[in-house]
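Source file coords_36.pdb; content: PDB, C-alpha atoms and all ligand atoms.
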ATOM      1  CA  MET A1488     -56.937  37.890 -42.451  1.00  0.00           C
ATOM      2  CA  LYS A1489     -60.283  39.531 -41.802  1.00  0.00           C
ATOM      3  CA  VAL A1490     -61.424  43.035 -42.736  1.00  0.00           C
ATOM      4  CA  VAL A1491     -64.602  44.643 -41.397  1.00  0.00           C
ATOM      5  CA  VAL A1492     -66.202  47.281 -43.625  1.00  0.00           C
ATOM      6  CA  ILE A1493     -68.279  49.806 -41.661  1.00  0.00           C
ATOM      7  CA  GLN A1494     -70.718  52.084 -43.466  1.00  0.00           C
ATOM      8  CA  GLY A1495     -72.239  55.118 -41.781  1.00  0.00           C
ATOM      9  CA  PRO A1496     -75.544  56.965 -42.056  1.00  0.00           C
ATOM     10  CA  ASN A1497     -77.457  57.236 -45.327  1.00  0.00           C
ATOM     11  CA  LEU A1498     -75.069  54.964 -47.199  1.00  0.00           C
ATOM     12  CA  ASN A1499     -77.907  52.399 -47.267  1.00  0.00           C
ATOM     13  CA  MET A1500     -79.578  54.946 -49.599  1.00  0.00           C
ATOM     14  CA  LEU A1501     -76.880  54.757 -52.277  1.00  0.00           C
ATOM     15  CA  GLY A1502     -78.432  54.384 -55.701  1.00  0.00           C
ATOM     16  CA  LEU A1503     -81.367  56.589 -54.657  1.00  0.00           C
ATOM     17  CA  ARG A1504     -79.573  59.377 -52.877  1.00  0.00           C
ATOM     18  CA  GLU A1505     -78.030  62.409 -54.691  1.00  0.00           C
ATOM     19  CA  GLN A1506     -76.989  60.402 -57.732  1.00  0.00           C
ATOM     20  CA  ASN A1507     -75.166  63.433 -59.168  1.00  0.00           C
ATOM     21  CA  ILE A1508     -72.716  63.141 -56.228  1.00  0.00           C
ATOM     22  CA  TYR A1509     -72.721  59.458 -55.289  1.00  0.00           C
ATOM     23  CA  GLY A1510     -73.654  57.818 -58.605  1.00  0.00           C
ATOM     24  CA  PRO A1511     -76.195  55.076 -59.317  1.00  0.00           C
ATOM     25  CA  MET A1512     -74.461  52.140 -57.610  1.00  0.00           C
ATOM     26  CA  LYS A1513     -76.176  50.499 -54.641  1.00  0.00           C
ATOM     27  CA  LEU A1514     -74.333  49.591 -51.448  1.00  0.00           C
ATOM     28  CA  GLU A1515     -74.872  45.853 -52.096  1.00  0.00           C
ATOM     29  CA  ASP A1516     -73.170  46.205 -55.499  1.00  0.00           C
ATOM     30  CA  ILE A1517     -70.199  48.001 -53.956  1.00  0.00           C
ATOM     31  CA  HIS A1518     -69.974  45.225 -51.374  1.00  0.00           C
ATOM     32  CA  SER A1519     -70.037  42.441 -53.967  1.00  0.00           C
ATOM     33  CA  GLN A1520     -67.198  44.134 -55.866  1.00  0.00           C
ATOM     34  CA  MET A1521     -65.198  44.350 -52.629  1.00  0.00           C
ATOM     35  CA  GLU A1522     -65.945  40.716 -51.913  1.00  0.00           C
ATOM     36  CA  GLY A1523     -64.517  39.774 -55.340  1.00  0.00           C
ATOM     37  CA  TYR A1524     -61.256  41.540 -54.595  1.00  0.00           C
ATOM     38  CA  ALA A1525     -61.115  40.117 -51.064  1.00  0.00           C
ATOM     39  CA  LYS A1526     -61.462  36.562 -52.440  1.00  0.00           C
ATOM     40  CA  GLN A1527     -58.551  37.113 -54.833  1.00  0.00           C
ATOM     41  CA  SER A1528     -56.378  38.266 -51.940  1.00  0.00           C
ATOM     42  CA  GLU A1529     -57.608  35.505 -49.625  1.00  0.00           C
ATOM     43  CA  THR A1530     -59.124  37.976 -47.192  1.00  0.00           C
ATOM     44  CA  GLU A1531     -62.353  37.440 -45.288  1.00  0.00           C
ATOM     45  CA  VAL A1532     -64.629  40.462 -45.366  1.00  0.00           C
ATOM     46  CA  GLU A1533     -67.661  41.416 -43.261  1.00  0.00           C
ATOM     47  CA  PHE A1534     -70.015  44.318 -44.002  1.00  0.00           C
ATOM     48  CA  PHE A1535     -71.919  46.467 -41.507  1.00  0.00           C
ATOM     49  CA  GLN A1536     -74.078  49.541 -42.038  1.00  0.00           C
ATOM     50  CA  SER A1537     -75.783  51.698 -39.446  1.00  0.00           C
ATOM     51  CA  ASN A1538     -77.409  55.099 -39.278  1.00  0.00           C
ATOM     52  CA  LEU A1539     -76.665  55.297 -35.552  1.00  0.00           C
ATOM     53  CA  GLU A1540     -73.448  56.654 -34.080  1.00  0.00           C
ATOM     54  CA  GLY A1541     -73.509  54.382 -30.999  1.00  0.00           C
ATOM     55  CA  GLU A1542     -73.983  51.254 -33.119  1.00  0.00           C
ATOM     56  CA  ILE A1543     -70.946  52.222 -35.173  1.00  0.00           C
ATOM     57  CA  VAL A1544     -68.926  52.696 -31.971  1.00  0.00           C
ATOM     58  CA  ASP A1545     -70.119  49.260 -30.749  1.00  0.00           C
ATOM     59  CA  LYS A1546     -69.136  47.639 -34.055  1.00  0.00           C
ATOM     60  CA  ILE A1547     -65.651  49.185 -33.948  1.00  0.00           C
ATOM     61  CA  GLN A1548     -65.200  47.860 -30.395  1.00  0.00           C
ATOM     62  CA  GLU A1549     -66.403  44.393 -31.461  1.00  0.00           C
ATOM     63  CA  CYS A1550     -63.552  44.303 -33.984  1.00  0.00           C
ATOM     64  CA  ILE A1551     -61.076  43.666 -31.150  1.00  0.00           C
ATOM     65  CA  GLY A1552     -59.887  40.078 -31.471  1.00  0.00           C
ATOM     66  CA  ASP A1553     -62.082  39.602 -34.542  1.00  0.00           C
ATOM     67  CA  ALA A1554     -60.699  41.831 -37.308  1.00  0.00           C
ATOM     68  CA  ASP A1555     -57.211  42.562 -38.603  1.00  0.00           C
ATOM     69  CA  GLY A1556     -58.299  45.715 -40.397  1.00  0.00           C
ATOM     70  CA  ILE A1557     -61.209  48.147 -40.618  1.00  0.00           C
ATOM     71  CA  ILE A1558     -62.413  50.076 -43.655  1.00  0.00           C
ATOM     72  CA  ILE A1559     -64.835  52.808 -42.632  1.00  0.00           C
ATOM     73  CA  ASN A1560     -66.951  55.411 -44.356  1.00  0.00           C
ATOM     74  CA  PRO A1561     -68.358  57.261 -41.355  1.00  0.00           C
ATOM     75  CA  ALA A1562     -70.347  59.465 -43.795  1.00  0.00           C
ATOM     76  CA  ALA A1563     -71.660  62.622 -42.062  1.00  0.00           C
ATOM     77  CA  TYR A1564     -70.215  61.418 -38.731  1.00  0.00           C
ATOM     78  CA  SER A1565     -66.727  61.899 -40.209  1.00  0.00           C
ATOM     79  CA  HIS A1566     -67.210  65.609 -39.663  1.00  0.00           C
ATOM     80  CA  THR A1567     -68.777  65.495 -36.201  1.00  0.00           C
ATOM     81  CA  SER A1568     -68.049  62.322 -34.242  1.00  0.00           C
ATOM     82  CA  ILE A1569     -65.424  62.412 -31.531  1.00  0.00           C
ATOM     83  CA  ALA A1570     -66.941  59.107 -30.285  1.00  0.00           C
ATOM     84  CA  ILE A1571     -66.127  57.292 -33.548  1.00  0.00           C
ATOM     85  CA  ARG A1572     -62.649  58.834 -33.631  1.00  0.00           C
ATOM     86  CA  ASP A1573     -62.009  57.714 -30.026  1.00  0.00           C
ATOM     87  CA  ALA A1574     -63.254  54.180 -30.794  1.00  0.00           C
ATOM     88  CA  ILE A1575     -60.902  53.839 -33.778  1.00  0.00           C
ATOM     89  CA  LYS A1576     -58.005  55.105 -31.671  1.00  0.00           C
ATOM     90  CA  ALA A1577     -58.930  52.782 -28.780  1.00  0.00           C
ATOM     91  CA  VAL A1578     -59.075  49.506 -30.719  1.00  0.00           C
ATOM     92  CA  GLN A1579     -55.632  49.963 -32.324  1.00  0.00           C
ATOM     93  CA  ILE A1580     -56.635  48.127 -35.488  1.00  0.00           C
ATOM     94  CA  PRO A1581     -55.328  49.577 -38.772  1.00  0.00           C
ATOM     95  CA  THR A1582     -58.169  51.591 -40.284  1.00  0.00           C
ATOM     96  CA  VAL A1583     -58.657  53.121 -43.725  1.00  0.00           C
ATOM     97  CA  GLU A1584     -61.174  55.979 -44.100  1.00  0.00           C
ATOM     98  CA  VAL A1585     -63.158  56.101 -47.334  1.00  0.00           C
ATOM     99  CA  HIS A1586     -65.350  58.689 -49.038  1.00  0.00           C
ATOM    100  CA  ILE A1587     -67.136  58.295 -52.337  1.00  0.00           C
ATOM    101  CA  SER A1588     -67.113  62.022 -53.040  1.00  0.00           C
ATOM    102  CA  ASN A1589     -64.146  64.363 -52.744  1.00  0.00           C
ATOM    103  CA  ILE A1590     -64.994  65.898 -49.375  1.00  0.00           C
ATOM    104  CA  TYR A1591     -62.458  68.701 -49.958  1.00  0.00           C
ATOM    105  CA  ALA A1592     -64.241  69.854 -53.117  1.00  0.00           C
ATOM    106  CA  ARG A1593     -67.620  70.170 -51.360  1.00  0.00           C
ATOM    107  CA  GLU A1594     -69.120  72.395 -48.646  1.00  0.00           C
ATOM    108  CA  GLU A1595     -66.637  73.707 -46.103  1.00  0.00           C
ATOM    109  CA  PHE A1596     -68.178  71.713 -43.227  1.00  0.00           C
ATOM    110  CA  ARG A1597     -67.113  68.525 -45.037  1.00  0.00           C
ATOM    111  CA  HIS A1598     -63.475  69.599 -45.295  1.00  0.00           C
ATOM    112  CA  THR A1599     -62.666  68.426 -41.783  1.00  0.00           C
ATOM    113  CA  SER A1600     -62.601  64.744 -40.921  1.00  0.00           C
ATOM    114  CA  LEU A1601     -62.296  64.087 -37.189  1.00  0.00           C
ATOM    115  CA  VAL A1602     -61.387  60.455 -37.849  1.00  0.00           C
ATOM    116  CA  ALA A1603     -58.611  61.106 -40.401  1.00  0.00           C
ATOM    117  CA  PRO A1604     -55.836  61.631 -37.806  1.00  0.00           C
ATOM    118  CA  VAL A1605     -56.470  58.217 -36.215  1.00  0.00           C
ATOM    119  CA  CYS A1606     -56.622  56.316 -39.523  1.00  0.00           C
ATOM    120  CA  ALA A1607     -53.720  54.862 -41.509  1.00  0.00           C
ATOM    121  CA  GLY A1608     -54.921  56.926 -44.462  1.00  0.00           C
ATOM    122  CA  GLN A1609     -57.894  58.369 -46.281  1.00  0.00           C
ATOM    123  CA  ILE A1610     -59.286  57.756 -49.783  1.00  0.00           C
ATOM    124  CA  SER A1611     -61.726  60.347 -51.038  1.00  0.00           C
ATOM    125  CA  GLY A1612     -63.280  61.293 -54.351  1.00  0.00           C
ATOM    126  CA  PHE A1613     -63.047  58.276 -56.651  1.00  0.00           C
ATOM    127  CA  GLY A1614     -66.730  57.363 -56.572  1.00  0.00           C
ATOM    128  CA  PRO A1615     -67.516  53.748 -55.611  1.00  0.00           C
ATOM    129  CA  PHE A1616     -63.981  52.883 -56.806  1.00  0.00           C
ATOM    130  CA  SER A1617     -62.773  54.523 -53.543  1.00  0.00           C
ATOM    131  CA  TYR A1618     -63.828  51.299 -51.796  1.00  0.00           C
ATOM    132  CA  HIS A1619     -61.746  49.176 -54.143  1.00  0.00           C
ATOM    133  CA  LEU A1620     -58.748  51.440 -53.517  1.00  0.00           C
ATOM    134  CA  ALA A1621     -59.364  51.088 -49.777  1.00  0.00           C
ATOM    135  CA  MET A1622     -59.308  47.274 -50.097  1.00  0.00           C
ATOM    136  CA  VAL A1623     -56.032  47.466 -52.035  1.00  0.00           C
ATOM    137  CA  ALA A1624     -54.551  49.786 -49.380  1.00  0.00           C
ATOM    138  CA  MET A1625     -55.761  47.549 -46.555  1.00  0.00           C
ATOM    139  CA  THR A1626     -54.345  44.405 -48.179  1.00  0.00           C
ATOM    140  CA  GLN A1627     -50.996  46.176 -48.499  1.00  0.00           C
ATOM    141  CA  ILE A1628     -51.038  47.343 -44.848  1.00  0.00           C
ATOM    142  CA  LEU A1629     -51.886  43.834 -43.618  1.00  0.00           C
ATOM    143  CA  SER A1630     -49.176  42.182 -45.701  1.00  0.00           C
ATOM    144  CA  GLU A1631     -46.598  44.674 -44.379  1.00  0.00           C
ATOM    145  CA  ILE A1632     -47.684  43.918 -40.787  1.00  0.00           C
ATOM    146  CA  LYS A1633     -47.445  40.182 -41.478  1.00  0.00           C
ATOM    147  CA  ALA A1634     -43.974  40.528 -43.024  1.00  0.00           C
ATOM    148  CA  LEU A1635     -42.800  42.509 -39.986  1.00  0.00           C
ATOM    149  CA  LYS A1636     -44.210  39.921 -37.539  1.00  0.00           C
ATOM    150  CA  ASP A1637     -42.646  37.050 -39.522  1.00  0.00           C
ATOM    151  CA  SER A1638     -39.221  38.685 -39.486  1.00  0.00           C
ATOM    152  CA  GLN A1639     -39.488  39.444 -35.752  1.00  0.00           C
ATOM    153  CA  ALA A1640     -40.400  35.794 -35.108  1.00  0.00           C
ATOM    154  CA  GLN A1641     -37.423  34.662 -37.214  1.00  0.00           C
ATOM    155  CA  GLN A1642     -35.088  36.946 -35.277  1.00  0.00           C
ATOM    156  CA  ALA A1643     -36.408  35.678 -31.938  1.00  0.00           C
ATOM    157  CA  GLN A1644     -35.913  32.116 -33.131  1.00  0.00           C
ATOM    158  CA  ALA A1645     -32.331  32.856 -34.263  1.00  0.00           C
ATOM    159  CA  GLN A1646     -31.500  34.383 -30.861  1.00  0.00           C
ATOM    160  CA  LYS A1647     -32.675  31.287 -28.915  1.00  0.00           C
ATOM    161  CA  PRO A1648     -29.801  29.360 -27.376  1.00  0.00           C
ATOM    162  CA  ALA A1649     -29.278  25.996 -29.096  1.00  0.00           C
TER     163      ALA A1649
HETATM  164  C1  LIG B   1     -69.473  60.803 -47.713  1.00  0.00           C
HETATM  165  C2  LIG B   1     -69.197  62.302 -47.598  1.00  0.00           C
HETATM  166  C3  LIG B   1     -69.888  62.867 -46.380  1.00  0.00           C
HETATM  167  O1  LIG B   1     -69.633  64.263 -46.273  1.00  0.00           O
HETATM  168  C4  LIG B   1     -71.389  62.675 -46.477  1.00  0.00           C
HETATM  169  O2  LIG B   1     -72.038  63.148 -45.312  1.00  0.00           O
HETATM  170  C5  LIG B   1     -71.765  61.274 -46.776  1.00  0.00           C
HETATM  171  C6  LIG B   1     -70.953  60.493 -47.707  1.00  0.00           C
HETATM  172  C7  LIG B   1     -68.866  60.190 -49.007  1.00  0.00           C
HETATM  173  O3  LIG B   1     -68.739  58.984 -49.043  1.00  0.00           O
HETATM  174  O4  LIG B   1     -68.566  60.928 -49.944  1.00  0.00           O
HETATM  175  O5  LIG B   1     -72.798  60.791 -46.328  1.00  0.00           O
HETATM  176  O6  LIG B   1     -68.849  60.146 -46.618  1.00  0.00           O
END
As structure tokens, what does this structure read like?
Ligand code: DQA
Amino acid sequence: MKVVVIQGPNLNMLGLREQNIYGPMKLEDIHSQMEGYAKQSETEVEFFQSNLEGEIVDKIQECIGDADGIIINPAAYSHTSIAIRDAIKAVQIPTVEVHISNIYAREEFRHTSLVAPVCAGQISGFGPFSYHLAMVAMTQILSEIKALKDSQAQQAQAQKPA
């Protein structure tokens, strides 16, 4: 199983940026923690960060045939990007939306996520631990999909004439 983690604008500034909101952890440190969990659950993980909306759309499209799941923090684009929402919807790959801060406890313009309706679920407000929770959620989603596929394959096998 492979999960692609997509990080939106300004998340490369974690550790420097608004530490009172996002904390002192750098993006690389968050990624190594995720990698640790992925190893335990025998999941391959790839990380991608961009400050550009179109590059994020391209990366989501490139996940077709390459990734089983997507974890995305679209950052400020969560609140504005119909293009990212449409890309997630188009690729039909289970996607978990993540936010470090609780977007519902902040300015009103952050209360709406345009991507939330096309994601399997959203995790918001647990600091960098949100990413760990997203990995746990994604692992669960992927194992449920696998169990469903396995049982469908078994049923198809059982229905085959001898
Ligand atoms: C964020 C919340 C967004 O509103 C903000 O623009 C970000 C980070 C978060 O992880 O809490 O850049 O996505």
Can you check which parts of chain A lie within 8 Å of ligand LIG 1 (chain B)? Per residue, the shortest pair of atoms and distance in Å to one decimal, counting only C-alpha atoms and all ligand atoms, sorted by chain and number, as a Markdown table.
| residue | atom | partner | partner_atom | distance |
| --- | --- | --- | --- | --- |
| A:Gly1495 | CA | B:LIG1 | O5 | 7.3 |
| A:Pro1496 | CA | B:LIG1 | O5 | 6.4 |
| A:Asn1497 | CA | B:LIG1 | O5 | 5.9 |
| A:Leu1498 | CA | B:LIG1 | O5 | 6.3 |
| A:Ile1508 | CA | B:LIG1 | O4 | 7.8 |
| A:Tyr1509 | CA | B:LIG1 | O4 | 6.9 |
| A:Asn1560 | CA | B:LIG1 | O6 | 5.6 |
| A:Pro1561 | CA | B:LIG1 | O6 | 6.0 |
| A:Ala1562 | CA | B:LIG1 | O6 | 3.3 |
| A:Ala1563 | CA | B:LIG1 | O2 | 3.3 |
| A:Tyr1564 | CA | B:LIG1 | O2 | 7.0 |
| A:Ser1565 | CA | B:LIG1 | O6 | 7.0 |
| A:His1566 | CA | B:LIG1 | O1 | 7.2 |
| A:Val1585 | CA | B:LIG1 | O3 | 6.5 |
| A:His1586 | CA | B:LIG1 | O3 | 3.4 |
| A:Ile1587 | CA | B:LIG1 | O3 | 3.7 |
| A:Ser1588 | CA | B:LIG1 | O4 | 3.6 |
| A:Asn1589 | CA | B:LIG1 | O4 | 6.3 |
| A:Ile1590 | CA | B:LIG1 | C2 | 5.8 |
| A:Arg1597 | CA | B:LIG1 | O1 | 5.1 |
| A:Ser1611 | CA | B:LIG1 | O4 | 7.0 |
| A:Gly1612 | CA | B:LIG1 | O4 | 6.9 |
| A:Gly1614 | CA | B:LIG1 | O4 | 7.7 |
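Of the listed residues (A:Asp1516, A:Glu1631, A:Glu1594, A:Glu1531), A:Asp1516 comes nearest to Leu1501 in chain A; the distances count only C-alpha atoms.
If only C-alpha atoms are the atoms counted, then among A:Asp1573, A:Gly1510, A:Val1583, A:Gly1502 the closest residue to Val1623 in chain A is A:Val1583.
Distance annotation: of A:Glu1522, A:Asn1507, A:Ser1568, A:Leu1629, the residue with the minimal separation from Met1488 in chain A is A:Leu1629; atom set is only C-alpha atoms.
Across A:Gln1646, A:Pro1604, A:Gly1556, A:Val1532, the tightest approach to Gln1627 in chain A is made by A:Gly1556 when counting only C-alpha atoms.
Restricting the calculation to all atoms listed in the file, the smallest distance between Cys1550 in chain A and any of A:Thr1567, A:Met1500, A:Ile1493, A:Ala1603 is found for A:Ile1493.
Distances from A:Ala1634, A:Ile1571, A:Gln1520, A:Gln1506 to Leu1620 in chain A were compared using all atoms listed in the file, and the smallest one belongs to A:Gln1520.
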